[in-house]
Amino acid sequence: MLARGKYSCELNNSTHGEHERDLVPDQDHFYRGTKNACSNSPCQNNGTCQSGFTKKGYRCLCPDGWTGGTCNMDIDECDEKSHKCSKNATCTNKKGSYKCRCKHGFHGDGYNCTDIDECQKQNNKCSKNATCTKTDGSYRCNCNTGFFGDGFKCTVCYTIFDFEDHDLSNWTLSGTAFNNQPTYGDNPSERFKKEGKGRNEPSKHRGDWWIGTFENRPNSSHPAGEIQGDRPKGSMTSPGFLIDTNFLTFLIGAGCKNVRKVRAELIVDGKVIFETKAEKGSKDCIETMFEKSWNVSGFTGSRAQLRLIDHSSGGWGHINFDHLQACHKLP
Ligand SMILES: [Ca+2]
Ligand SMILES: [Ca+2]
Ligand SMILES: [Ca+2]
């Protein structure tokens, strides 16, 4: 009240400028506009401005995710743990909000994340010869009894010697026949190509490296097709290995079955328990290697050695060998 019968009326949230048509002159009244502190929109990020509060003349009501005097500060919901993400989700802070994403092995919208049972759903990558076991957020595969591998791949055999590291430093060599071993690539095919007689006896080795005492290709940059011939003689004895399966299988070729002193031997306790020459029915006298096996079920638990022998300088006096495997049953 200013004087008798006269009042000062304040229009909150308004200014003269915003209400040009509503305000009409009246001789008994005079207009006195209030300063609206909200008129220049001080609240950010959709904050609601309320005029007339605090010393500044306004206050901001902030929407979820924002704080500060003018709603200009993001709330880090992940850091202050006010988020509603599942415990099996990861929280990522965003300006004005946050994001939830289910962890690996869980599925859902990030707020509810349930464990995926990979074993039950059969969307696991276990080998068909493995057992799947659920773990928290994941699963494990173990090869079944009688199989070898990492659970994703389970085989009835595992490799003992394949020569792929082309390193014979743990082997005992005698004579000169094995000096340039192992041999790289299908050298017989390379030399037959050079001969041009249409002879076709691929080595059929596994990987890149194998033993071939006729060949002379001790590395990949050495010219293909070179030979040392039948003349050199010698032997090559492996480091010891444990027999823990029923069978050993291997690839063997060359050295016709009528050639004496060219063979592969298995030695247990200093005794030769098996000796095998390359022969495949009528297909002996051929560079191509064929699979042979030894039934070692009577020797499980023993340590054994493989010995390759080339004690011949005559025709076909050489041995081809690769891929010694231990197998629970014959593939
Ligand atoms: Ca945030
Ligand atoms: Ca090999
Ligand atoms: Ca020889």
# chains A, B, ... in the order shown; residues from 1 in each chain; ligands from 1

$ select_by_dssp --residues "segment 70-141 of chain A" --states "alpha helix (DSSP H)" --output "list in words"
Glu118, Cys119, Gln120 and Lys121 of chain A

$ residues_near_ligand --ligand "ligand 1" --cutoff "7 Å" --atoms "only C-alpha atoms and all ligand atoms" --output "list in words"
Gly65, Asp74, Ile75, Asp76, Glu77, Asn93, Lys94, Lys95, Gly96, Ser97 and Tyr98 of chain A

$ write_last_selection --atoms "N, CA and C atoms" --output "short mmCIF file (atom, residue, chain, number, x, y, z; two decimals), in the first residue's frame"
data_model
loop_
_atom_site.label_atom_id
_atom_site.label_comp_id
_atom_site.auth_asym_id
_atom_site.auth_seq_id
_atom_site.Cartn_x
_atom_site.Cartn_y
_atom_site.Cartn_z
N GLY A 65 19.40 -35.66 -14.41
CA GLY A 65 20.69 -35.73 -15.12
C GLY A 65 21.48 -34.43 -15.06
N ASP A 74 26.53 -31.62 -15.63
CA ASP A 74 26.08 -33.00 -15.78
C ASP A 74 26.29 -33.76 -14.47
N ILE A 75 25.33 -34.61 -14.12
CA ILE A 75 25.53 -35.52 -12.98
C ILE A 75 26.18 -36.79 -13.51
N ASP A 76 27.31 -37.20 -12.93
CA ASP A 76 27.93 -38.47 -13.35
C ASP A 76 27.27 -39.59 -12.55
N GLU A 77 26.18 -40.14 -13.12
CA GLU A 77 25.40 -41.15 -12.40
C GLU A 77 26.20 -42.42 -12.16
N ASN A 93 28.79 -42.80 -18.56
CA ASN A 93 28.20 -41.48 -18.33
C ASN A 93 28.02 -40.74 -19.65
N LYS A 94 26.91 -40.02 -19.76
CA LYS A 94 26.68 -39.15 -20.93
C LYS A 94 26.23 -37.80 -20.41
N LYS A 95 26.34 -36.74 -21.23
CA LYS A 95 25.87 -35.41 -20.83
C LYS A 95 24.36 -35.47 -20.63
N GLY A 96 23.92 -35.26 -19.38
CA GLY A 96 22.50 -35.23 -19.07
C GLY A 96 21.88 -36.58 -18.82
N SER A 97 22.65 -37.64 -19.01
CA SER A 97 22.09 -38.98 -18.77
C SER A 97 23.24 -39.99 -18.61
N TYR A 98 22.95 -41.24 -18.86
CA TYR A 98 23.96 -42.31 -18.82
C TYR A 98 23.43 -43.48 -19.62
#

$ atom_distance --atom1 "atom CA of Pro331 of chain A" --atom2 "atom CA of Asn123 of chain A"
27.5 Å

$ residues_around --residues "segment 258-267 of chain A" --least-positions-apart "4" --cutoff "10 Å" --atoms "only C-alpha atoms" --output "JSON, numbers by chain"
{"A": [233, 234, 235, 236, 237, 238, 240, 248, 250, 252, 253, 254, 271, 272, 273, 274, 275, 276, 277, 278, 279, 284, 285, 294, 296, 303, 304, 305, 306, 307, 308, 309, 310, 311, 312, 313, 314, 315, 316, 317, 318, 319, 320, 321]}

$ closest_residue --among "A:His166, A:Pro239, A:Lys329, A:Ser174" --to "ligand 2" --atoms "only C-alpha atoms and all ligand atoms"
A:His166

$ select_by_dssp --residues "segment 156-197 of chain A" --states "strand (DSSP E or B)" --output "list in words"
Cys157, Tyr158, Thr159, Ile160, Phe161, Thr172, Leu173, Ser174, Gly175, Thr183 and Tyr184 of chain A

$ closest_atom_pairs --of "chain A" --to "ligand 2" --cutoff "10 Å" --atoms "only C-alpha atoms and all ligand atoms" --output "CSV"
residue,atom,partner,partner_atom_place_in_ligand_line,distance
A:Thr159,CA,ligand 2,1 (Ca),9.8
A:Phe161,CA,ligand 2,1 (Ca),7.8
A:Asp162,CA,ligand 2,1 (Ca),4.1
A:Phe163,CA,ligand 2,1 (Ca),5.1
A:Glu164,CA,ligand 2,1 (Ca),5.3
A:Asp165,CA,ligand 2,1 (Ca),9.0
A:His166,CA,ligand 2,1 (Ca),8.9
A:Pro182,CA,ligand 2,1 (Ca),8.8
A:Thr183,CA,ligand 2,1 (Ca),9.2
A:Tyr184,CA,ligand 2,1 (Ca),9.0
A:Gly185,CA,ligand 2,1 (Ca),9.2
A:Lys204,CA,ligand 2,1 (Ca),9.6
A:His205,CA,ligand 2,1 (Ca),5.8
A:Arg206,CA,ligand 2,1 (Ca),4.3
A:Gly207,CA,ligand 2,1 (Ca),4.6
A:Asp208,CA,ligand 2,1 (Ca),5.7
A:Trp209,CA,ligand 2,1 (Ca),4.3
A:Trp210,CA,ligand 2,1 (Ca),4.6
A:Ile211,CA,ligand 2,1 (Ca),8.1
A:Leu251,CA,ligand 2,1 (Ca),9.5
A:Phe321,CA,ligand 2,1 (Ca),8.6
A:Asp322,CA,ligand 2,1 (Ca),5.3
A:His323,CA,ligand 2,1 (Ca),5.5
A:Leu324,CA,ligand 2,1 (Ca),8.9

$ atom_distance --atom1 "atom CA of Gly151 of chain A" --atom2 "atom CA of Thr133 of chain A"
10.8 Å

$ atom_distance --atom1 "atom CA of Thr114 of chain A" --atom2 "atom CA of Asp150 of chain A"
27.3 Å

$ closest_residue --among "A:Lys84, A:Arg217, A:Lys257, A:Arg199" --to "Asn187 of chain A" --atoms "only C-alpha atoms"
A:Arg217
